[in-house]
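Trainee: Quick one: the structure is below, and I'll ask about it shortly.
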Amino acid sequence: MDCKRYLKPEDIVEGSPNLNLAFVAQIFHQRNGLTTDSKKISFAEMMTDDVQTSREERCFRLWINSLGIVTYVNNVFEDVRNGWLLLEVLDKVSPGSVNWKQASKPPIKMPFRKVENCNQVIRIGRQMKFSLVNVAGNDFVQGNKKLILAFLWQLMRYNMLQLLKNLRSHSQGKEITDADILKWANNKIKHTGRTSKIMNFKDQSLSSGIFFLELLSAVEPRVVNWNLVTKGESDEEKRLNATYIISVARKLGCSIFLLPEDIMEVNQKMILTLAASIMYWSLQKAVEDGESSPSPSPSNGTCTATPDASPAPSVSGEDEISSLGGEVSNLNIDDAASDTTVSSQLVNEEFTAVE
């Protein structure tokens with residue numbers, strides 16, 4: 001076998017570790033039994049990650065980075081394992097929920113410190129009524145992708161619903177659900193005279209993209225160029241519509257984290273984020289318009305607000321904003337009238353005193 005002769009039978013019997021290791025290494029070097037695989041393997045075939053998992057990881061990475069926290073995320077599955085990133089996100093989404101005195105800041109060398117951070121994440125998640133059955137902090141430390149994605153989805157959904165709750169003035173503290181977003185979207189399209197309607201966010205008709213294009217046109221009539229819209233029958237037409245939806249939504253200023261494939265495949269989670277983002281933009285625009293609208297001028301001591309067109313009842317909160325503006329205007333006018341009355345009384349008293 002052409003091995004070097006530096007080992008004697010006595011050395012093997014005596015059990016010299018170094019000599020025996022060198023002897024075995026020589027045998028392996030001369031006769032290792034390995035063969036060279038000449039088959040070429042593409043890089044795509046070497047990737048073991050599920051495509052859907054990669055998409056969701058990208059979505060959550062973009063969302064976390066958009067929150068404006070200190071830590072920048074490069075890889076969700078690796079960066080959340082010490083628990084610190086999740087604590088930062090939780091504190092941003094629900095201020096005051098994190099007990100920073102019990103948290104350990106990176107770099108963290110002791111594994112149990114990472115588990116403590118992740119245990120606090122789980123505890124806060126349960127306080128926020130997340131579904132965390134049989135989930136422990138160690139699952140995040142171990143990098144369980146399925147559980148990490150499930151937690152991040154609930155966290156992202158909670159953040160969206162809280163933003164909508166804060167903007168929708170007529171909710172009066174009531175929690176907003178997925179059904180509310182669905183109802184709002186259907187009503188928005190219905191008020192424009194169109195007939196598109198979906199039963200839920202898993203409706204396969206969403207793959208054509210027509211529903212979301214009509215929704216975008218409902219919240220901003222001039223934003224959609226219908227000459228660029230296809231029927232959405234073939235895969236290529238669906239892709240064109242989905243790409244156009246994302247482009248239009250970003251043009252409006254919506255926070256979009258999904259891909260055209262998510263619309264084509266009707267990914268329920270990503271579809272919900274798209275609808276919620278459009279709803280948030282619409283409600284925010286209504287609030288800004290309500291704040292920037294000038295107060296009507298009084299006439300004959302009374303204030304009568306006469307809008308150009310009587311708006312139809314909707315769930316978007318425009319009616320509440322208009323009524324709030326009217327109440328503020330009435331309040332200003334009443335104050336002005338009371339000031340005038342007081343001034344006239346003072347003048348009469350001074351005139352009487354002079355006489």
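Letters A, B, ... go to the chains of the structure tokens in the order shown; residues in each chain start at 1; ligands are counted from 1 in the same order.
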Within 9 Å of Leu87 of chain A, counting only C-alpha atoms, which residues qualify if same-chain residues fewer than 6 places away don't, as number ranges by chain?

Mentor: A: 97-98, 100, 103, 117-118, 120-121

Trainee: For Phe77 of chain A, work out the shell of residues within 10 Å, counting only C-alpha atoms and skipping chain neighbours fewer than 2 positions away, then give it as a list in words.

Mentor: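 Using only C-alpha atoms, the neighbours found are Glu57, Arg61, Val73, Asn74, Asn75, Asp79, Val80, Arg81, Phe140, Val141, Gln142, Gly143, Asn144, Lys145, Lys146, Ile148 and Leu149 of chain A.
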
Trainee: Could you state the separation of atom CA of Ser66 of chain A and atom CA of Lys92 of chain A in Å, given to one decimal place?

Mentor: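 The value is 11.2 Å.
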
Trainee: Taking only C-alpha atoms into account, which of A:Ile176, A:Ile263, A:Ala218, A:Ile245 comes nearest Lys190 of chain A?

Mentor: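 The answer is A:Ala218, which sits nearest to Lys190 of chain A.
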
Trainee: Neighbours of segment 128-134 of chain A within 7 Å (only C-alpha atoms; same-chain residues fewer than 3 positions away dropped), as a JSON list (two decimals) with N, CA and C atoms, in the first residue's frame?

Mentor:
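Result file follows (result32.json):
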[["chain", "number", "residue", "atom", "x", "y", "z"],
["A", 124, "ILE", "N", -44.46, 37.85, 26.54],
["A", 124, "ILE", "CA", -45.14, 39.05, 26.01],
["A", 124, "ILE", "C", -46.12, 38.66, 24.91],
["A", 125, "GLY", "N", -45.72, 37.71, 24.07],
["A", 125, "GLY", "CA", -46.61, 37.26, 23.01],
["A", 125, "GLY", "C", -47.90, 36.68, 23.55],
["A", 154, "GLN", "N", -47.82, 36.71, 13.40],
["A", 154, "GLN", "CA", -48.78, 37.22, 14.38],
["A", 154, "GLN", "C", -48.38, 38.62, 14.86]]

Trainee: Which residues are close to Val115 of chain A, i.e. within 8 Å by only C-alpha atoms, leaving aside same-chain residues fewer than 4 positions away? Reply as a PyMOL selection string.

Mentor: chain A and resi 82-83+111+119+137-138+141

Trainee: Hey, which of A:Asn20, A:Ser247, A:Ser255, A:Asn241 ends up closest to Leu67 of chain A? Count only C-alpha atoms.

Mentor: A:Ser255

Trainee: Give me the residues near Ala275 of chain A as a ChimeraX atom specification, where near means some atom within 9 Å (using only C-alpha atoms) and where sequence neighbours in that chain fewer than 2 positions away do not count.

Mentor: /A:181-182,185,212,215,270-273,277-280

Trainee: Store the residues picked out above, limited to C-alpha atoms, as a PDB file, in the first residue's frame.

Mentor:
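Saved result, again39.pdb, follows:
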ATOM      1  CA  ILE A 181     -60.712  44.701   6.527  1.00  0.00           C
ATOM      2  CA  LEU A 182     -62.563  42.373   4.152  1.00  0.00           C
ATOM      3  CA  ALA A 185     -62.540  46.470   0.854  1.00  0.00           C
ATOM      4  CA  PHE A 212     -57.051  44.938  -5.917  1.00  0.00           C
ATOM      5  CA  LEU A 215     -59.778  48.701  -4.767  1.00  0.00           C
ATOM      6  CA  MET A 270     -49.496  38.377   2.224  1.00  0.00           C
ATOM      7  CA  ILE A 271     -52.863  39.220   0.659  1.00  0.00           C
ATOM      8  CA  LEU A 272     -54.067  40.392   4.072  1.00  0.00           C
ATOM      9  CA  THR A 273     -51.019  42.628   4.481  1.00  0.00           C
ATOM     10  CA  SER A 277     -51.823  48.528   3.876  1.00  0.00           C
ATOM     11  CA  ILE A 278     -54.262  50.001   1.351  1.00  0.00           C
ATOM     12  CA  MET A 279     -56.873  50.468   4.078  1.00  0.00           C
ATOM     13  CA  TYR A 280     -54.324  52.191   6.329  1.00  0.00           C
TER      14      TYR A 280
END

Trainee: With only C-alpha atoms as the counted atoms, please give the residues lying no more than 7 Å from Met264 of chain A, apart from itself and same-chain residues fewer than 3 positions off, as a PyMOL selection string.

Mentor: chain A and resi 207-208+238-239+242+260-261

Trainee: For Ser104 of chain A, find every residue with an atom within 8 Å (counting only C-alpha atoms), except residues of its own chain fewer than 2 positions away, and show them as a list in words.

Mentor: Trp84, Trp100, Gln102, Pro106, Ile108, Arg113, Lys114 and Asn117 of chain A
